[in-house]
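**Student:** Structure: target_9.cif, mmCIF, C-alpha atoms.
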```cif
data_query
#
loop_
_atom_site.label_atom_id
_atom_site.label_comp_id
_atom_site.auth_asym_id
_atom_site.auth_seq_id
_atom_site.Cartn_x
_atom_site.Cartn_y
_atom_site.Cartn_z
CA MET G 1 0.00 0.00 0.00
CA LYS G 2 1.75 3.17 -1.19
CA GLY G 3 1.34 6.46 0.62
CA GLY G 4 -0.91 5.08 3.35
CA THR G 5 -0.77 4.00 6.95
CA PHE G 6 1.60 1.13 6.14
CA VAL G 7 4.27 3.58 4.97
CA GLY G 8 3.78 5.64 8.10
CA PHE G 9 4.33 2.58 10.28
CA LEU G 10 7.48 1.71 8.37
CA TYR G 11 9.01 5.09 9.03
CA PHE G 12 7.76 5.40 12.58
CA ALA G 13 9.29 2.00 13.34
CA LEU G 14 12.58 3.33 12.01
CA ALA G 15 12.23 6.52 14.03
CA SER G 16 11.36 4.73 17.24
CA ARG G 17 14.79 3.14 17.36
CA ILE G 18 16.23 6.46 18.46
CA GLY G 19 13.32 7.56 20.60
CA ALA G 20 11.61 9.80 18.07
CA VAL G 21 8.19 11.31 18.57
CA GLU G 22 5.48 11.05 15.93
CA LEU G 23 6.16 13.12 12.83
CA GLY G 24 2.71 14.60 12.40
CA ARG G 25 1.29 17.97 11.51
CA GLY G 26 0.37 20.63 14.01
CA GLN G 27 4.00 21.24 14.97
CA PRO G 28 4.74 24.40 16.97
CA THR G 29 6.45 27.09 14.93
CA GLU G 30 10.07 28.11 15.14
CA ARG G 31 11.76 31.23 13.87
CA ILE G 32 15.32 31.40 12.57
CA SER G 33 17.18 33.82 14.82
CA GLY G 34 19.60 36.31 13.33
CA SER G 35 19.86 37.81 9.88
CA ALA G 36 17.66 35.40 7.91
CA GLY G 37 14.56 35.91 10.04
CA ASP G 38 15.18 39.62 10.35
CA VAL G 39 15.53 40.09 6.60
CA LEU G 40 12.39 38.05 5.93
CA GLU G 41 10.36 40.41 8.09
CA ASP G 42 11.78 43.69 6.74
CA ASP G 43 9.29 46.39 5.75
CA PRO G 44 10.32 48.00 2.46
CA VAL G 45 7.94 50.97 2.74
CA GLY G 46 9.91 54.18 3.18
CA ARG G 47 13.13 52.59 1.91
CA LEU G 48 12.60 53.02 -1.85
CA LYS G 49 10.44 54.76 -4.44
CA VAL G 50 9.38 53.15 -7.72
CA PHE G 51 8.17 54.89 -10.86
CA VAL G 52 5.86 52.76 -13.03
CA TYR G 53 5.95 53.58 -16.73
CA GLU G 54 2.51 53.93 -18.33
CA LEU G 55 2.74 51.85 -21.47
CA PRO G 56 0.12 51.35 -24.19
CA SER G 57 -2.21 48.51 -23.23
CA LYS G 58 -0.88 46.29 -26.03
CA TYR G 59 2.10 45.52 -23.78
CA ASN G 60 0.00 44.30 -20.86
CA LYS G 61 -3.76 44.66 -20.42
CA LYS G 62 -4.78 43.78 -23.98
CA ILE G 63 -2.57 40.70 -23.95
CA LEU G 64 -4.26 39.56 -20.75
CA GLN G 65 -7.74 40.26 -22.14
CA LYS G 66 -6.87 38.03 -25.08
CA ASP G 67 -5.98 35.10 -22.80
CA PRO G 68 -7.08 35.28 -19.12
CA ARG G 69 -5.33 31.95 -18.47
CA CYS G 70 -2.22 34.04 -17.88
CA LEU G 71 -3.65 34.95 -14.47
CA THR G 72 -3.36 31.42 -13.16
CA HIS G 73 -0.21 29.97 -14.73
CA MET G 74 3.12 29.74 -12.89
CA PHE G 75 4.52 32.77 -14.74
CA ALA G 76 1.80 35.17 -13.53
CA ALA G 77 4.09 37.12 -11.17
CA GLU G 78 4.68 39.66 -13.94
CA ILE G 79 0.95 40.50 -13.97
CA PHE G 80 0.40 40.61 -10.23
CA MET G 81 3.56 42.62 -9.56
CA HIS G 82 2.26 45.27 -11.97
CA ARG G 83 -1.10 45.41 -10.19
CA PHE G 84 0.58 45.54 -6.80
CA LEU G 85 2.88 48.42 -7.71
CA LEU G 86 0.06 50.56 -9.10
CA SER G 87 -1.43 50.89 -5.61
CA SER G 88 1.70 50.35 -3.51
CA PRO G 89 2.89 53.07 -1.10
CA VAL G 90 6.37 52.76 -2.66
CA ARG G 91 5.04 54.05 -5.97
CA THR G 92 5.92 57.62 -6.89
CA LEU G 93 4.33 59.66 -9.66
CA ASN G 94 7.41 61.88 -9.78
CA PRO G 95 10.11 60.08 -11.78
CA GLU G 96 12.76 62.56 -10.66
CA GLU G 97 12.58 61.18 -7.11
CA ALA G 98 12.43 57.51 -8.10
CA ASP G 99 15.07 55.01 -7.00
CA TRP G 100 13.82 52.40 -9.46
CA PHE G 101 11.87 52.35 -12.73
CA TYR G 102 9.51 49.53 -13.66
CA THR G 103 8.30 48.64 -17.18
CA PRO G 104 5.07 46.58 -17.10
CA VAL G 105 5.37 44.22 -20.05
CA TYR G 106 3.74 40.76 -20.00
CA THR G 107 6.25 38.69 -21.97
CA THR G 108 4.94 35.26 -20.89
CA CYS G 109 1.28 35.83 -21.79
CA ASP G 110 1.43 34.23 -25.24
CA LEU G 111 0.11 30.74 -24.59
CA THR G 112 -0.26 27.52 -26.55
CA PRO G 113 -3.64 25.69 -26.48
CA ASN G 114 -2.16 23.62 -23.63
CA GLY G 115 -1.42 26.78 -21.64
CA LEU G 116 2.36 26.84 -22.03
CA PRO G 117 4.02 30.18 -22.81
CA LEU G 118 5.63 30.68 -26.20
CA PRO G 119 8.74 32.81 -25.70
CA PHE G 120 9.51 33.43 -29.36
CA LYS G 121 7.92 36.91 -29.54
CA SER G 122 9.13 37.92 -26.07
CA PRO G 123 12.50 39.43 -27.10
CA ARG G 124 10.85 41.59 -29.76
CA MET G 125 8.15 42.66 -27.34
CA MET G 126 10.72 43.59 -24.68
CA ARG G 127 12.88 45.49 -27.18
CA SER G 128 9.81 47.39 -28.37
CA ALA G 129 8.91 48.39 -24.80
CA ILE G 130 12.48 49.57 -24.11
CA GLN G 131 12.55 51.54 -27.36
CA LEU G 132 9.32 53.22 -26.28
CA ILE G 133 10.48 54.25 -22.80
CA SER G 134 13.86 55.40 -24.13
CA SER G 135 12.12 57.58 -26.71
CA ASN G 136 9.37 59.04 -24.51
CA TRP G 137 11.24 59.51 -21.20
CA PRO G 138 14.84 60.52 -20.42
CA TYR G 139 15.42 58.09 -17.55
CA TRP G 140 16.47 54.97 -19.46
CA ASN G 141 19.06 56.92 -21.47
CA ARG G 142 20.66 58.38 -18.33
CA THR G 143 21.67 54.90 -17.12
CA GLU G 144 20.84 52.54 -20.03
CA GLY G 145 18.60 50.67 -17.63
CA ALA G 146 20.91 50.33 -14.62
CA ASN G 147 18.21 51.72 -12.30
CA HIS G 148 15.40 49.79 -14.01
CA PHE G 149 14.02 46.38 -13.08
CA PHE G 150 12.06 43.90 -15.18
CA ILE G 151 9.98 40.86 -14.23
CA VAL G 152 11.11 37.98 -16.49
CA PRO G 153 9.51 34.75 -15.18
CA HIS G 154 10.30 32.57 -18.22
CA ASP G 155 11.86 29.12 -17.75
CA PHE G 156 15.32 30.62 -18.29
CA GLY G 157 14.55 34.25 -17.54
CA ALA G 158 15.62 36.85 -20.09
CA CYS G 159 17.26 34.19 -22.28
CA PHE G 160 13.67 33.68 -23.50
CA HIS G 161 13.61 29.98 -24.36
CA TYR G 162 12.23 26.92 -22.59
CA GLN G 163 15.06 24.59 -23.70
CA GLU G 164 18.30 25.15 -21.83
CA GLU G 165 20.60 24.51 -24.79
CA LYS G 166 18.86 27.14 -26.91
CA ALA G 167 18.50 29.52 -23.95
CA ILE G 168 22.27 29.38 -23.38
CA GLU G 169 22.86 29.94 -27.09
CA ARG G 170 20.63 33.03 -27.00
CA GLY G 171 21.91 34.48 -23.76
CA ILE G 172 20.24 37.32 -21.88
CA LEU G 173 18.65 39.92 -24.15
CA HIS G 174 21.45 42.43 -24.67
CA LEU G 175 19.33 45.49 -23.86
CA LEU G 176 18.75 44.07 -20.35
CA GLN G 177 22.43 43.66 -19.53
CA ARG G 178 22.49 46.67 -17.17
CA ALA G 179 19.01 46.23 -15.69
CA THR G 180 18.07 44.27 -12.58
CA LEU G 181 16.18 41.12 -13.52
CA VAL G 182 13.51 39.67 -11.23
CA GLN G 183 13.15 36.06 -12.33
CA THR G 184 12.11 32.58 -11.30
CA PHE G 185 15.16 30.99 -12.94
CA GLY G 186 18.20 30.69 -10.72
CA GLN G 187 21.31 28.57 -11.26
CA LYS G 188 24.87 29.37 -10.26
CA ASN G 189 27.41 30.10 -12.99
CA HIS G 190 24.75 30.12 -15.70
CA VAL G 191 24.57 32.58 -18.59
CA CYS G 192 20.85 33.13 -17.95
CA LEU G 193 21.40 34.41 -14.38
CA LYS G 194 23.46 37.56 -14.16
CA ASP G 195 24.91 39.09 -11.03
CA GLY G 196 22.45 41.19 -9.07
CA SER G 197 19.30 39.37 -10.23
CA ILE G 198 16.52 38.72 -7.71
CA THR G 199 15.27 35.14 -7.73
CA ILE G 200 11.58 34.78 -6.88
CA PRO G 201 9.11 31.91 -6.42
CA PRO G 202 6.83 30.95 -9.30
CA TYR G 203 3.21 31.95 -8.97
CA ALA G 204 0.91 29.49 -7.22
CA PRO G 205 -2.76 30.49 -6.66
CA PRO G 206 -3.10 31.33 -2.93
CA GLN G 207 -6.89 30.99 -2.81
CA LYS G 208 -6.79 27.60 -4.50
CA MET G 209 -4.26 26.25 -1.99
CA GLN G 210 -6.17 27.75 0.92
CA ALA G 211 -9.29 25.86 -0.21
CA HIS G 212 -7.48 22.53 0.12
CA LEU G 213 -6.14 22.87 3.66
CA ILE G 214 -6.85 19.86 5.90
CA PRO G 215 -6.98 19.70 9.74
CA PRO G 216 -3.54 20.53 11.17
CA ASP G 217 -3.46 17.40 13.34
CA THR G 218 -3.71 15.04 10.35
CA PRO G 219 -0.80 12.57 10.58
CA ARG G 220 1.84 12.62 7.87
CA SER G 221 1.58 8.98 6.80
CA ILE G 222 3.32 9.37 3.40
CA PHE G 223 7.10 9.30 3.58
CA VAL G 224 8.04 10.61 0.10
CA TYR G 225 5.56 12.17 -2.34
CA PHE G 226 5.82 13.24 -5.98
CA ARG G 227 3.42 13.72 -8.86
CA GLY G 228 4.67 14.75 -12.30
CA LEU G 229 6.54 13.67 -15.41
CA PHE G 230 9.51 11.35 -15.21
CA TYR G 231 10.09 11.42 -18.97
CA ASP G 232 9.12 13.98 -21.61
CA VAL G 233 8.81 11.72 -24.63
CA GLY G 234 7.40 14.48 -26.84
CA ASN G 235 10.33 16.85 -26.41
CA ASP G 236 13.03 14.36 -25.38
CA PRO G 237 12.28 11.10 -27.22
CA GLU G 238 15.67 9.51 -26.50
CA GLY G 239 15.53 10.36 -22.78
CA GLY G 240 18.31 11.64 -20.56
CA TYR G 241 18.07 15.31 -21.52
CA TYR G 242 14.84 16.10 -19.68
CA ALA G 243 15.66 16.90 -16.04
CA ARG G 244 19.22 15.77 -16.87
CA GLY G 245 17.93 12.25 -16.21
CA ALA G 246 17.18 12.93 -12.53
CA ARG G 247 13.43 12.32 -12.77
CA ALA G 248 13.94 9.15 -14.79
CA SER G 249 16.32 7.97 -12.09
CA VAL G 250 13.70 8.58 -9.39
CA TRP G 251 11.21 6.41 -11.25
CA GLU G 252 13.62 3.64 -12.18
CA ASN G 253 14.99 3.33 -8.67
CA PHE G 254 11.91 3.84 -6.51
CA LYS G 255 8.74 3.03 -8.46
CA ASP G 256 8.33 -0.16 -6.40
CA ASN G 257 9.63 1.20 -3.09
CA PRO G 258 6.78 1.33 -0.51
CA LEU G 259 8.27 4.45 1.10
CA PHE G 260 7.83 6.38 -2.17
CA ASP G 261 4.39 7.52 -3.33
CA ILE G 262 5.33 8.61 -6.85
CA SER G 263 3.31 8.67 -10.05
CA THR G 264 2.59 10.61 -13.23
CA GLU G 265 -1.08 10.81 -12.26
CA HIS G 266 -2.23 14.14 -10.82
CA PRO G 267 -5.12 13.34 -8.46
CA THR G 268 -7.74 15.79 -7.26
CA THR G 269 -6.33 15.18 -3.76
CA TYR G 270 -2.85 16.42 -4.80
CA TYR G 271 -2.75 19.30 -2.30
CA GLU G 272 -4.22 17.17 0.48
CA ASP G 273 -1.67 14.42 -0.22
CA MET G 274 1.21 16.89 0.12
CA GLN G 275 -0.12 17.76 3.59
CA ARG G 276 0.01 14.08 4.50
CA ALA G 277 3.63 13.70 3.37
CA ILE G 278 6.88 14.19 5.26
CA PHE G 279 9.07 14.79 2.19
CA CYS G 280 8.03 16.25 -1.18
CA LEU G 281 10.39 15.80 -4.11
CA CYS G 282 11.21 19.02 -5.97
CA PRO G 283 13.36 17.86 -8.89
CA LEU G 284 14.37 19.97 -11.84
CA GLY G 285 12.43 19.61 -15.09
CA TRP G 286 13.40 21.55 -18.20
CA ALA G 287 14.39 24.32 -15.79
CA PRO G 288 15.63 23.83 -12.22
CA TRP G 289 12.58 25.47 -10.60
CA SER G 290 8.92 24.50 -10.36
CA PRO G 291 5.78 25.41 -8.35
CA ARG G 292 6.31 22.26 -6.22
CA LEU G 293 8.76 24.25 -4.12
CA VAL G 294 6.06 26.79 -3.23
CA GLU G 295 3.47 24.08 -2.64
CA ALA G 296 5.81 22.12 -0.36
CA VAL G 297 6.52 25.15 1.83
CA ILE G 298 2.86 26.16 2.03
CA PHE G 299 1.79 22.66 3.02
CA GLY G 300 4.63 22.04 5.47
CA CYS G 301 6.12 19.19 3.43
CA ILE G 302 9.92 19.22 3.62
CA PRO G 303 11.16 20.05 0.10
CA VAL G 304 13.75 17.64 -1.27
CA ILE G 305 15.60 19.82 -3.76
CA ILE G 306 17.15 17.90 -6.65
CA ALA G 307 18.67 20.52 -8.95
CA ASP G 308 22.42 21.04 -8.87
CA ASP G 309 23.56 24.64 -8.34
CA ILE G 310 20.01 25.98 -8.05
CA VAL G 311 19.60 29.50 -6.69
CA LEU G 312 16.42 29.40 -4.62
CA PRO G 313 13.87 32.22 -4.16
CA PHE G 314 14.85 35.02 -1.76
CA ALA G 315 17.87 32.99 -0.65
CA ASP G 316 19.16 35.92 1.41
CA ALA G 317 15.96 35.85 3.48
CA ILE G 318 14.68 32.25 3.48
CA PRO G 319 16.96 29.71 5.22
CA TRP G 320 16.58 26.92 2.65
CA GLU G 321 19.32 24.78 4.19
CA GLU G 322 17.35 24.77 7.44
CA ILE G 323 13.93 23.89 5.99
CA GLY G 324 14.80 21.67 3.03
CA VAL G 325 17.03 18.79 1.99
CA TYR G 326 19.49 19.12 -0.90
CA VAL G 327 20.28 15.99 -2.92
CA ASP G 328 22.81 16.04 -5.76
CA GLU G 329 21.46 14.76 -9.06
CA LYS G 330 24.10 12.02 -9.13
CA ASP G 331 22.91 10.81 -5.71
CA VAL G 332 19.30 10.20 -6.70
CA PRO G 333 19.78 6.39 -6.65
CA LYS G 334 20.67 6.73 -2.94
CA LEU G 335 17.63 8.89 -2.16
CA ASP G 336 15.99 6.31 0.11
CA ASN G 337 19.11 5.94 2.26
CA ILE G 338 19.66 9.71 2.39
CA LEU G 339 16.13 10.46 3.63
CA THR G 340 15.75 7.54 6.07
CA SER G 341 19.07 8.45 7.69
CA ILE G 342 17.92 11.98 8.65
CA PRO G 343 17.39 12.01 12.43
CA PRO G 344 13.74 12.53 13.42
CA GLU G 345 14.68 15.50 15.60
CA VAL G 346 16.10 17.21 12.49
CA ILE G 347 12.88 16.49 10.60
CA LEU G 348 10.81 17.88 13.47
CA ARG G 349 12.82 21.11 13.48
CA LYS G 350 12.38 21.54 9.73
CA GLN G 351 8.64 21.04 10.20
CA ARG G 352 8.54 23.66 12.96
CA LEU G 353 10.35 26.16 10.74
CA LEU G 354 8.01 25.41 7.83
CA ALA G 355 5.06 26.02 10.15
CA ASN G 356 6.20 29.64 10.63
CA PRO G 357 3.59 31.82 8.85
CA SER G 358 6.25 34.29 7.67
CA MET G 359 7.99 31.49 5.76
CA LYS G 360 4.80 30.64 3.87
CA GLN G 361 3.83 34.27 3.31
CA ALA G 362 7.11 35.05 1.57
CA MET G 363 6.34 32.46 -1.13
CA LEU G 364 2.94 33.84 -2.14
CA PHE G 365 1.56 36.64 -4.32
CA PRO G 366 -1.81 37.16 -2.56
CA GLN G 367 -4.62 39.45 -3.72
CA PRO G 368 -4.70 41.87 -2.01
CA ALA G 369 -1.06 42.03 -0.97
CA GLN G 370 -0.12 41.29 2.64
CA SER G 371 2.82 42.27 4.78
CA GLY G 372 5.84 40.02 4.23
CA ASP G 373 4.52 38.43 1.04
CA ALA G 374 6.51 37.85 -2.16
CA PHE G 375 5.72 41.37 -3.42
CA HIS G 376 7.33 42.83 -0.33
CA GLN G 377 10.29 40.44 -0.54
CA ILE G 378 10.96 41.72 -4.08
CA LEU G 379 10.85 45.30 -2.81
CA ASN G 380 13.17 44.33 0.04
CA GLY G 381 15.62 42.94 -2.51
CA LEU G 382 15.48 46.17 -4.51
CA ALA G 383 15.86 48.30 -1.37
CA ARG G 384 18.98 46.39 -0.33
CA LYS G 385 20.60 47.41 -3.63
CA LEU G 386 20.35 51.09 -2.73
CA PRO G 387 22.01 53.51 -3.01
CA HIS G 388 22.97 52.88 -6.61
CA ASP G 389 26.65 52.90 -7.46
CA LYS G 390 28.00 56.21 -8.80
CA ASN G 391 28.82 54.66 -12.18
CA VAL G 392 25.12 53.95 -12.82
CA HIS G 393 24.75 57.33 -14.53
CA LEU G 394 26.43 57.67 -17.91
CA LYS G 395 28.34 60.67 -19.14
CA PRO G 396 26.61 62.85 -21.74
CA GLY G 397 26.73 61.04 -25.07
CA GLU G 398 28.14 57.84 -23.55
CA LYS G 399 26.70 54.56 -24.86
CA ILE G 400 27.36 51.03 -23.60
CA LEU G 401 24.57 48.90 -25.06
CA ASN G 402 24.50 47.89 -28.72
CA TRP G 403 20.94 47.98 -30.03
CA THR G 404 21.77 45.80 -33.05
CA THR G 405 23.23 42.89 -31.06
CA GLY G 406 21.32 39.59 -30.97
CA PRO G 407 19.61 37.11 -33.29
CA VAL G 408 18.26 38.66 -36.47
CA GLY G 409 14.73 37.57 -35.59
CA ASP G 410 14.83 39.60 -32.38
CA LEU G 411 15.46 42.80 -34.33
CA LYS G 412 12.19 42.62 -36.27
CA PRO G 413 9.47 45.08 -35.17
CA TRP G 414 6.91 43.80 -32.69
#
```
What do you get writing this file as structure tokens?

**Tutor:**
Amino acid sequence: MKGGTFVGFLYFALASRIGAVELGRGQPTERISGSAGDVLEDDPVGRLKVFVYELPSKYNKKILQKDPRCLTHMFAAEIFMHRFLLSSPVRTLNPEEADWFYTPVYTTCDLTPNGLPLPFKSPRMMRSAIQLISSNWPYWNRTEGANHFFIVPHDFGACFHYQEEKAIERGILHLLQRATLVQTFGQKNHVCLKDGSITIPPYAPPQKMQAHLIPPDTPRSIFVYFRGLFYDVGNDPEGGYYARGARASVWENFKDNPLFDISTEHPTTYYEDMQRAIFCLCPLGWAPWSPRLVEAVIFGCIPVIIADDIVLPFADAIPWEEIGVYVDEKDVPKLDNILTSIPPEVILRKQRLLANPSMKQAMLFPQPAQSGDAFHQILNGLARKLPHDKNVHLKPGEKILNWTTGPVGDLKPW
């Protein structure tokens, strides 16, 4: 019996050998003392001012009207951040006093019938928006974007492609080289993550998750839980490229292991099942990040992060080493031994930290915004970059960016 009481007994029998208590829900909360907890609870109001460019609606609202599905997919942070800033107390209507400039362009809201974003028009759309603000306002030209930030929640950020090989080949859109990028993609030493970027969680619908909460004293009787693809036959027919083989390794090694409740099926009880699990696998897919990370934190399931060199959301504020478990991709075949060897007291502490409301709040983009949420964590990240370096402002007539650099297709009008 996978994922049921039998699995719970197996693990509890293991835990009892060292005098562990039951690993259930309803754990008391614990707060990380020191800088991590303090940073997480910072209030950005009064520490920065943001000017929001008013662009023609073809860059944002009209795109959304054409396809409202953009409001619920994992890339929706670009939409909700725009809405948040329009009514945020950090917004200024006087660009001369602004610390940061924001360009509201919805580059992921071009969806296939299956709801996946097509990034092929995104570079042209972004170039068009930058051309517009550089022509109609003086602020971009003063710094060539060094005091501007952009939300780029694509699989590989401003490289604008969903396949890593092609994303690397493209590189970050040249016109964004001096800007601060706010993106879901994060991987160390990768061409699609430049220094100074702010890594954020993907969007997960807060109201939908709230509707699936179960009683906090429900026992966690599932040891390891995962639902999702192990192979992507359509895009990776030979196997091995998708998830760098890590997901395939999970399936091949643990499909018959009673401690592992893993499947490609996505049941209606998915959120409830995560709340009954001790560990939730968060492996890379085409990109290293996925909404599972958000879901695991919200539902108090210890995230098992399988994505080498990943840069996690708000890593300067959220103590990921304390709340999660990192497993190298090459060590996936040893996953059962790694997880069963974690002392129960360590698991209990991770659960207490995950139960901290501020930890969950930082991963969400709620409507309306709430103190400490992901919107505020983004603002905190921007505030910590102030004051800007003196070399942000260019000398009169000085140019650094080359507007004709990039693939020929990107230079076509949008």

**Student:** Quick one: residues within 6 Å of Val45 in chain G, all atoms listed in the file, excluding same-chain residues fewer than 2 positions away - as a list in words?

**Tutor:**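 With the cut-off at 6 Å, the set is Asp43, Arg47 and Val90 of chain G.
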
**Student:** So that I can check the surroundings of Leu213 in chain G, please list as a list of chain:residue names every protein, DNA and RNA residue that reaches within 9 Å of it, counting only C-alpha atoms and ignoring chain neighbours fewer than 3 positions away.

**Tutor:**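 Once the nearby chain positions are removed, what remains is G:Met209, G:Gln210, G:Pro216, G:Tyr271, G:Glu272, G:Gln275, G:Phe299.
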
**Student:** Output the residue selection produced by the PyMOL selection byres ((chain G and resi 100-106) around 7) on the file above, formatted as a ChimeraX atom specification.

**Tutor:** /G:49-53,59-60,78-79,82,98-99,107-109,147-150

**Student:** Check the smallest atom-to-atom distance from each of G:Pro366, G:Gly46, G:Pro123, G:Pro89 to Lys412 in chain G using all atoms listed in the file, then report the winner.

**Tutor:**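 Comparing G:Pro366, G:Gly46, G:Pro123, G:Pro89 against Lys412 in chain G, the winner is G:Pro123.
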
**Student:** Could you tell me which of G:Pro95, G:Pro333, G:Gly300, G:Pro201 comes closest to Thr218 in chain G if we count only C-alpha atoms?

**Tutor:** G:Gly300

**Student:** I'd like to know which of G:Phe375, G:Trp403, G:Phe160, G:Phe84 is closest to Lys121 in chain G, using all atoms listed in the file.

**Tutor:**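 Distance minimum relative to Lys121 in chain G lands on G:Phe160.
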
**Student:** Could you pull the residues within 8 Å of Ile262 in chain G, counting only C-alpha atoms, minus those fewer than 5 positions along the same chain, as a count of residues only?

**Tutor:** 6

**Student:** Any idea what the distance is between CA of Ala167 in chain G and CA of Arg292 in chain G?

**Tutor:**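 Value for the CA of Ala167 in chain G-CA of Arg292 in chain G distance: 22.7 Å.
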
**Student:** With the PyMOL selection byres ((chain G and resi 298) around 9) as the selection, what would be picked from this file? Answer as a VMD selection string, please.

**Tutor:** chain G and resid 209 293 to 297 299 to 301 354 to 355 357 359 to 361 363 to 364
